[in-house]
$ cat start.cif   # mmCIF, N, CA and C atoms
data_entry
loop_
_atom_site.label_atom_id
_atom_site.label_comp_id
_atom_site.auth_asym_id
_atom_site.auth_seq_id
_atom_site.Cartn_x
_atom_site.Cartn_y
_atom_site.Cartn_z
N MET A 1 -20.14 8.84 -0.20
CA MET A 1 -20.57 9.87 0.70
C MET A 1 -21.31 10.94 -0.09
N LYS A 2 -22.35 11.44 0.50
CA LYS A 2 -23.18 12.44 -0.16
C LYS A 2 -22.50 13.81 -0.11
N GLN A 3 -22.45 14.46 -1.27
CA GLN A 3 -21.91 15.81 -1.37
C GLN A 3 -23.06 16.76 -1.65
N GLU A 4 -23.04 17.94 -1.03
CA GLU A 4 -24.07 18.94 -1.27
C GLU A 4 -23.99 19.43 -2.70
N LYS A 5 -25.13 19.64 -3.35
CA LYS A 5 -25.16 20.20 -4.70
C LYS A 5 -25.01 21.71 -4.61
N LYS A 6 -24.28 22.27 -5.52
CA LYS A 6 -23.99 23.70 -5.52
C LYS A 6 -24.62 24.37 -6.74
N ASP A 7 -25.93 24.22 -6.89
CA ASP A 7 -26.61 24.73 -8.07
C ASP A 7 -26.46 26.24 -8.25
N ASN A 8 -26.57 26.99 -7.16
CA ASN A 8 -26.55 28.44 -7.27
C ASN A 8 -25.18 29.04 -6.96
N LYS A 9 -24.17 28.20 -6.92
CA LYS A 9 -22.82 28.67 -6.60
C LYS A 9 -21.88 28.32 -7.74
N GLN A 10 -20.84 29.08 -7.89
CA GLN A 10 -19.88 28.88 -8.96
C GLN A 10 -18.82 27.87 -8.52
N ILE A 11 -18.86 26.66 -9.11
CA ILE A 11 -17.87 25.62 -8.80
C ILE A 11 -16.54 26.03 -9.43
N ILE A 12 -15.46 25.86 -8.68
CA ILE A 12 -14.12 26.19 -9.14
C ILE A 12 -13.36 24.89 -9.35
N ASN A 13 -12.78 24.73 -10.52
CA ASN A 13 -11.96 23.56 -10.80
C ASN A 13 -10.50 23.94 -10.64
N VAL A 14 -9.82 23.22 -9.75
CA VAL A 14 -8.40 23.47 -9.49
C VAL A 14 -7.69 22.12 -9.43
N GLU A 15 -6.38 22.18 -9.53
CA GLU A 15 -5.57 20.98 -9.34
C GLU A 15 -5.20 20.94 -7.87
N TYR A 16 -5.83 20.03 -7.16
CA TYR A 16 -5.59 19.89 -5.72
C TYR A 16 -4.24 19.25 -5.45
N SER A 17 -3.74 19.48 -4.23
CA SER A 17 -2.56 18.77 -3.75
C SER A 17 -2.88 18.26 -2.35
N GLY A 18 -2.01 17.42 -1.83
CA GLY A 18 -2.20 16.90 -0.48
C GLY A 18 -3.46 16.06 -0.34
N ALA A 19 -4.07 16.13 0.83
CA ALA A 19 -5.27 15.34 1.11
C ALA A 19 -6.40 15.69 0.14
N ALA A 20 -6.49 16.94 -0.25
CA ALA A 20 -7.56 17.35 -1.16
C ALA A 20 -7.47 16.63 -2.51
N SER A 21 -6.27 16.27 -2.94
CA SER A 21 -6.13 15.59 -4.23
C SER A 21 -6.72 14.18 -4.18
N LEU A 22 -6.80 13.59 -3.01
CA LEU A 22 -7.41 12.27 -2.87
C LEU A 22 -8.89 12.35 -2.51
N LEU A 23 -9.24 13.30 -1.66
CA LEU A 23 -10.61 13.37 -1.14
C LEU A 23 -11.54 14.21 -2.01
N LEU A 24 -10.98 15.08 -2.84
CA LEU A 24 -11.72 15.89 -3.81
C LEU A 24 -12.94 16.63 -3.22
N PRO A 25 -12.68 17.53 -2.29
CA PRO A 25 -13.78 18.36 -1.79
C PRO A 25 -14.27 19.29 -2.90
N THR A 26 -15.47 19.81 -2.71
CA THR A 26 -16.02 20.77 -3.67
C THR A 26 -15.51 22.16 -3.32
N LEU A 27 -14.94 22.84 -4.31
CA LEU A 27 -14.47 24.20 -4.13
C LEU A 27 -15.40 25.11 -4.93
N TYR A 28 -15.93 26.13 -4.27
CA TYR A 28 -16.84 27.02 -4.98
C TYR A 28 -16.70 28.45 -4.49
N LYS A 29 -17.19 29.36 -5.30
CA LYS A 29 -17.15 30.78 -4.98
C LYS A 29 -18.58 31.27 -4.80
N GLN A 30 -18.77 32.05 -3.77
CA GLN A 30 -20.08 32.68 -3.54
C GLN A 30 -19.80 34.11 -3.10
N ASP A 31 -20.33 35.05 -3.83
CA ASP A 31 -20.02 36.45 -3.62
C ASP A 31 -18.51 36.65 -3.78
N GLU A 32 -17.84 37.17 -2.79
CA GLU A 32 -16.40 37.42 -2.91
C GLU A 32 -15.55 36.39 -2.16
N MET A 33 -16.17 35.35 -1.64
CA MET A 33 -15.45 34.36 -0.84
C MET A 33 -15.40 33.02 -1.56
N PHE A 34 -14.38 32.22 -1.21
CA PHE A 34 -14.22 30.87 -1.72
C PHE A 34 -14.47 29.90 -0.57
N TYR A 35 -15.11 28.78 -0.91
CA TYR A 35 -15.46 27.78 0.09
C TYR A 35 -15.05 26.40 -0.40
N CYS A 36 -14.66 25.56 0.54
CA CYS A 36 -14.23 24.20 0.23
C CYS A 36 -15.02 23.28 1.17
N LEU A 37 -15.68 22.27 0.61
CA LEU A 37 -16.56 21.41 1.41
C LEU A 37 -16.42 19.95 1.02
N LEU A 38 -16.28 19.12 2.02
CA LEU A 38 -16.34 17.67 1.86
C LEU A 38 -17.48 17.20 2.76
N GLY A 39 -18.52 16.66 2.16
CA GLY A 39 -19.64 16.18 2.94
C GLY A 39 -20.95 16.77 2.48
N PRO A 40 -22.01 16.41 3.19
CA PRO A 40 -23.34 16.79 2.74
C PRO A 40 -23.68 18.27 2.91
N ASN A 41 -23.09 18.94 3.89
CA ASN A 41 -23.34 20.36 4.11
C ASN A 41 -22.29 20.92 5.07
N ASN A 42 -22.36 22.22 5.31
CA ASN A 42 -21.35 22.88 6.14
C ASN A 42 -21.30 22.36 7.57
N SER A 43 -22.43 21.99 8.13
CA SER A 43 -22.44 21.57 9.53
C SER A 43 -22.08 20.10 9.72
N GLU A 44 -22.40 19.25 8.76
CA GLU A 44 -22.11 17.82 8.88
C GLU A 44 -20.80 17.42 8.21
N GLY A 45 -20.32 18.25 7.30
CA GLY A 45 -19.09 17.94 6.58
C GLY A 45 -17.91 18.70 7.13
N VAL A 46 -16.83 18.70 6.35
CA VAL A 46 -15.64 19.48 6.69
C VAL A 46 -15.64 20.67 5.74
N PHE A 47 -15.57 21.87 6.32
CA PHE A 47 -15.78 23.10 5.59
C PHE A 47 -14.59 24.03 5.81
N GLY A 48 -14.21 24.74 4.76
CA GLY A 48 -13.18 25.76 4.86
C GLY A 48 -13.55 26.96 4.03
N SER A 49 -13.02 28.11 4.38
CA SER A 49 -13.31 29.32 3.61
C SER A 49 -12.08 30.20 3.55
N GLY A 50 -12.07 31.09 2.56
CA GLY A 50 -10.95 32.01 2.42
C GLY A 50 -11.20 33.00 1.30
N THR A 51 -10.35 34.00 1.23
CA THR A 51 -10.49 35.03 0.21
C THR A 51 -9.92 34.60 -1.14
N THR A 52 -9.18 33.48 -1.15
CA THR A 52 -8.66 32.90 -2.39
C THR A 52 -8.93 31.39 -2.34
N PRO A 53 -8.89 30.71 -3.50
CA PRO A 53 -9.06 29.25 -3.48
C PRO A 53 -8.01 28.57 -2.59
N GLU A 54 -6.78 29.05 -2.65
CA GLU A 54 -5.71 28.45 -1.85
C GLU A 54 -5.98 28.57 -0.35
N ARG A 55 -6.46 29.74 0.07
CA ARG A 55 -6.76 29.94 1.49
C ARG A 55 -7.96 29.09 1.94
N ALA A 56 -8.93 28.95 1.07
CA ALA A 56 -10.09 28.12 1.40
C ALA A 56 -9.67 26.66 1.55
N ILE A 57 -8.81 26.19 0.65
CA ILE A 57 -8.33 24.80 0.72
C ILE A 57 -7.46 24.62 1.95
N LYS A 58 -6.61 25.57 2.27
CA LYS A 58 -5.76 25.48 3.46
C LYS A 58 -6.61 25.44 4.72
N ASN A 59 -7.63 26.29 4.78
CA ASN A 59 -8.54 26.30 5.92
C ASN A 59 -9.29 24.98 6.02
N TRP A 60 -9.71 24.45 4.87
CA TRP A 60 -10.39 23.14 4.84
C TRP A 60 -9.44 22.05 5.34
N ASP A 61 -8.20 22.07 4.89
CA ASP A 61 -7.23 21.07 5.30
C ASP A 61 -7.00 21.12 6.82
N ASP A 62 -6.88 22.32 7.37
CA ASP A 62 -6.73 22.47 8.82
C ASP A 62 -7.95 21.92 9.55
N ASN A 63 -9.14 22.23 9.04
CA ASN A 63 -10.37 21.74 9.65
C ASN A 63 -10.53 20.23 9.51
N LEU A 64 -10.05 19.68 8.39
CA LEU A 64 -10.08 18.23 8.21
C LEU A 64 -9.23 17.55 9.29
N LYS A 65 -8.04 18.06 9.52
CA LYS A 65 -7.16 17.48 10.54
C LYS A 65 -7.82 17.54 11.92
N LYS A 66 -8.44 18.66 12.24
CA LYS A 66 -9.13 18.80 13.53
C LYS A 66 -10.28 17.80 13.62
N HIS A 67 -11.04 17.68 12.53
CA HIS A 67 -12.19 16.78 12.50
C HIS A 67 -11.74 15.33 12.70
N LEU A 68 -10.70 14.92 12.00
CA LEU A 68 -10.22 13.55 12.11
C LEU A 68 -9.67 13.26 13.51
N ALA A 69 -9.14 14.28 14.16
CA ALA A 69 -8.59 14.09 15.50
C ALA A 69 -9.67 14.01 16.57
N THR A 70 -10.84 14.56 16.31
CA THR A 70 -11.87 14.64 17.35
C THR A 70 -13.11 13.79 17.09
N ALA A 71 -13.39 13.46 15.84
CA ALA A 71 -14.60 12.68 15.53
C ALA A 71 -14.35 11.20 15.80
N GLY A 72 -15.39 10.50 16.10
CA GLY A 72 -15.28 9.07 16.38
C GLY A 72 -15.23 8.24 15.11
N PRO A 73 -14.93 6.95 15.26
CA PRO A 73 -14.79 6.06 14.10
C PRO A 73 -16.10 5.83 13.34
N ASP A 74 -17.23 6.14 13.97
CA ASP A 74 -18.52 5.96 13.30
C ASP A 74 -18.91 7.17 12.45
N ASN A 75 -18.14 8.23 12.51
CA ASN A 75 -18.42 9.44 11.75
C ASN A 75 -18.27 9.18 10.25
N GLU A 76 -19.21 9.66 9.46
CA GLU A 76 -19.22 9.42 8.01
C GLU A 76 -17.95 9.95 7.33
N ILE A 77 -17.50 11.12 7.72
CA ILE A 77 -16.29 11.70 7.13
C ILE A 77 -15.07 10.84 7.46
N VAL A 78 -14.95 10.43 8.70
CA VAL A 78 -13.82 9.59 9.12
C VAL A 78 -13.82 8.29 8.33
N GLN A 79 -14.98 7.68 8.18
CA GLN A 79 -15.07 6.42 7.42
C GLN A 79 -14.69 6.63 5.96
N TYR A 80 -15.17 7.71 5.36
CA TYR A 80 -14.86 8.01 3.96
C TYR A 80 -13.35 8.23 3.78
N VAL A 81 -12.75 9.04 4.64
CA VAL A 81 -11.31 9.32 4.55
C VAL A 81 -10.52 8.02 4.71
N THR A 82 -10.91 7.18 5.66
CA THR A 82 -10.22 5.91 5.88
C THR A 82 -10.26 5.03 4.64
N ILE A 83 -11.42 4.94 4.00
CA ILE A 83 -11.57 4.12 2.80
C ILE A 83 -10.71 4.67 1.66
N ILE A 84 -10.79 5.96 1.42
CA ILE A 84 -10.05 6.58 0.32
C ILE A 84 -8.54 6.43 0.52
N LEU A 85 -8.06 6.71 1.73
CA LEU A 85 -6.62 6.60 1.98
C LEU A 85 -6.16 5.15 1.93
N SER A 86 -6.98 4.23 2.37
CA SER A 86 -6.64 2.81 2.30
C SER A 86 -6.50 2.38 0.84
N GLU A 87 -7.45 2.77 -0.01
CA GLU A 87 -7.38 2.43 -1.43
C GLU A 87 -6.17 3.09 -2.08
N SER A 88 -5.87 4.31 -1.71
CA SER A 88 -4.72 5.03 -2.26
C SER A 88 -3.42 4.32 -1.89
N ASN A 89 -3.30 3.87 -0.65
CA ASN A 89 -2.09 3.17 -0.23
C ASN A 89 -1.91 1.86 -0.98
N LYS A 90 -2.99 1.14 -1.26
CA LYS A 90 -2.90 -0.11 -2.02
C LYS A 90 -2.39 0.15 -3.42
N VAL A 91 -2.90 1.19 -4.05
CA VAL A 91 -2.45 1.55 -5.40
C VAL A 91 -0.99 1.94 -5.37
N THR A 92 -0.59 2.75 -4.39
CA THR A 92 0.80 3.19 -4.28
C THR A 92 1.72 2.00 -4.10
N GLU A 93 1.34 1.04 -3.25
CA GLU A 93 2.16 -0.16 -3.04
C GLU A 93 2.31 -0.95 -4.35
N GLN A 94 1.22 -1.06 -5.12
CA GLN A 94 1.28 -1.79 -6.39
C GLN A 94 2.20 -1.08 -7.38
N VAL A 95 2.15 0.23 -7.42
CA VAL A 95 3.01 0.99 -8.33
C VAL A 95 4.47 0.82 -7.94
N ILE A 96 4.76 0.91 -6.66
CA ILE A 96 6.14 0.76 -6.20
C ILE A 96 6.66 -0.64 -6.52
N GLU A 97 5.84 -1.68 -6.29
CA GLU A 97 6.26 -3.04 -6.59
C GLU A 97 6.50 -3.23 -8.09
N SER A 98 5.65 -2.65 -8.91
CA SER A 98 5.76 -2.84 -10.36
C SER A 98 6.95 -2.08 -10.96
N THR A 99 7.52 -1.13 -10.24
CA THR A 99 8.64 -0.37 -10.77
C THR A 99 9.97 -1.09 -10.61
N GLY A 100 10.01 -2.13 -9.81
CA GLY A 100 11.27 -2.82 -9.57
C GLY A 100 12.23 -1.99 -8.73
N MET A 101 11.68 -1.22 -7.83
CA MET A 101 12.45 -0.30 -7.02
C MET A 101 13.61 -0.98 -6.29
N GLU A 102 13.35 -2.06 -5.61
CA GLU A 102 14.40 -2.71 -4.82
C GLU A 102 15.55 -3.22 -5.69
N SER A 103 15.22 -3.80 -6.84
CA SER A 103 16.29 -4.29 -7.71
C SER A 103 17.09 -3.13 -8.29
N HIS A 104 16.44 -2.02 -8.55
CA HIS A 104 17.14 -0.83 -9.03
C HIS A 104 18.11 -0.32 -7.98
N ILE A 105 17.64 -0.21 -6.74
CA ILE A 105 18.50 0.27 -5.66
C ILE A 105 19.68 -0.68 -5.46
N ALA A 106 19.41 -1.99 -5.49
CA ALA A 106 20.48 -2.97 -5.28
C ALA A 106 21.55 -2.90 -6.35
N SER A 107 21.20 -2.44 -7.54
CA SER A 107 22.17 -2.39 -8.63
C SER A 107 23.10 -1.18 -8.56
N ILE A 108 22.83 -0.23 -7.68
CA ILE A 108 23.65 0.97 -7.56
C ILE A 108 24.87 0.67 -6.71
N LYS A 109 26.04 0.99 -7.24
CA LYS A 109 27.30 0.68 -6.56
C LYS A 109 27.69 1.72 -5.51
N ASP A 110 27.56 2.99 -5.82
CA ASP A 110 27.98 4.05 -4.92
C ASP A 110 27.01 4.16 -3.73
N PRO A 111 27.51 4.01 -2.48
CA PRO A 111 26.63 4.04 -1.31
C PRO A 111 25.85 5.36 -1.15
N ALA A 112 26.48 6.49 -1.43
CA ALA A 112 25.79 7.78 -1.29
C ALA A 112 24.65 7.90 -2.30
N THR A 113 24.91 7.50 -3.53
CA THR A 113 23.88 7.53 -4.57
C THR A 113 22.76 6.57 -4.23
N LYS A 114 23.13 5.38 -3.73
CA LYS A 114 22.14 4.38 -3.34
C LYS A 114 21.19 4.95 -2.28
N GLN A 115 21.75 5.66 -1.29
CA GLN A 115 20.93 6.25 -0.23
C GLN A 115 20.03 7.35 -0.78
N GLN A 116 20.56 8.16 -1.68
CA GLN A 116 19.74 9.23 -2.29
C GLN A 116 18.56 8.64 -3.05
N VAL A 117 18.80 7.58 -3.80
CA VAL A 117 17.73 6.95 -4.57
C VAL A 117 16.71 6.32 -3.62
N ARG A 118 17.20 5.65 -2.56
CA ARG A 118 16.27 5.06 -1.59
C ARG A 118 15.41 6.14 -0.94
N ASP A 119 16.03 7.26 -0.55
CA ASP A 119 15.28 8.36 0.06
C ASP A 119 14.23 8.90 -0.92
N PHE A 120 14.60 8.99 -2.19
CA PHE A 120 13.66 9.46 -3.20
C PHE A 120 12.47 8.52 -3.29
N TYR A 121 12.70 7.23 -3.42
CA TYR A 121 11.61 6.25 -3.51
C TYR A 121 10.77 6.23 -2.24
N ASP A 122 11.42 6.34 -1.09
CA ASP A 122 10.70 6.24 0.18
C ASP A 122 9.65 7.33 0.36
N GLN A 123 9.83 8.47 -0.26
CA GLN A 123 8.84 9.53 -0.11
C GLN A 123 7.50 9.17 -0.73
N PHE A 124 7.48 8.16 -1.60
CA PHE A 124 6.24 7.75 -2.25
C PHE A 124 5.59 6.54 -1.58
N LYS A 125 6.28 5.94 -0.64
CA LYS A 125 5.73 4.77 0.05
C LYS A 125 4.65 5.20 1.02
N PRO A 126 3.60 4.40 1.14
CA PRO A 126 2.58 4.70 2.15
C PRO A 126 3.17 4.51 3.54
N ARG A 127 2.77 5.35 4.46
CA ARG A 127 3.26 5.28 5.83
C ARG A 127 2.45 4.25 6.61
N LYS A 128 3.14 3.40 7.35
CA LYS A 128 2.48 2.41 8.20
C LYS A 128 2.18 3.07 9.54
N ARG A 129 1.04 2.72 10.10
CA ARG A 129 0.66 3.29 11.41
C ARG A 129 0.99 2.34 12.51
#
$ encode --input "start.cif" --output "structure tokens"
Amino acid sequence: MKQEKKDNKQIINVEYSGAASLLLPTLYKQDEMFYCLLGPNNSEGVFGSGTTPERAIKNWDDNLKKHLATAGPDNEIVQYVTIILSESNKVTEQVIESTGMESHIASIKDPATKQQVRDFYDQFKPRKR
């Protein structure tokens, strides 16, 4: 997907979390505001703004959710997000399989501990739709 170039704007490098950590929108500062953009420009992409990087990312995340809920399957952003999340889920499944998670859980004798470990591992599993 094409990302707008930010030649005259100050790009901000941060450690993203959540959807931003997978989709890697561009975070930049212009004047006293911070902006977060995924896509070719503000009108065609998903855009967020705020007085801090965190607020810009939060606003972007809220706008991403709205965009995904309202845009059709032919939308470039929707297609990009679908591909990235699909690839991420495949990697996550491979990591979980390679850890021997199920055999580890089966070896735990105490039922309460077994459930705690299962709950811990389950938070990393991709969600099925």
$ axis_aligned_box --input "start.cif" --around "segment 56-62 of chain A" --padding-each-side "5 Å" --output "AutoDock Vina command-line options"
--center_x -8.1 --center_y 25.0 --center_z 5.1 --size_x 14.6 --size_y 17.9 --size_z 18.9
$ closest_residue --input "start.cif" --among "A:Asp61, A:Arg118, A:Glu54, A:Ile108" --to "Ala19 of chain A" --atoms "all atoms listed in the file"
A:Asp61
$ closest_residue --input "start.cif" --among "A:Glu15, A:Asp119, A:Glu32, A:Glu44" --to "Val78 of chain A" --atoms "only C-alpha atoms"
A:Glu44
$ resolve_selection --input "start.cif" --expression "the PyMOL selection byres ((chain A and resi 38) around 8)" --output "VMD selection string"
chain A and resid 1 to 4 23 to 27 35 to 37 39 to 42 44 to 48 60 77
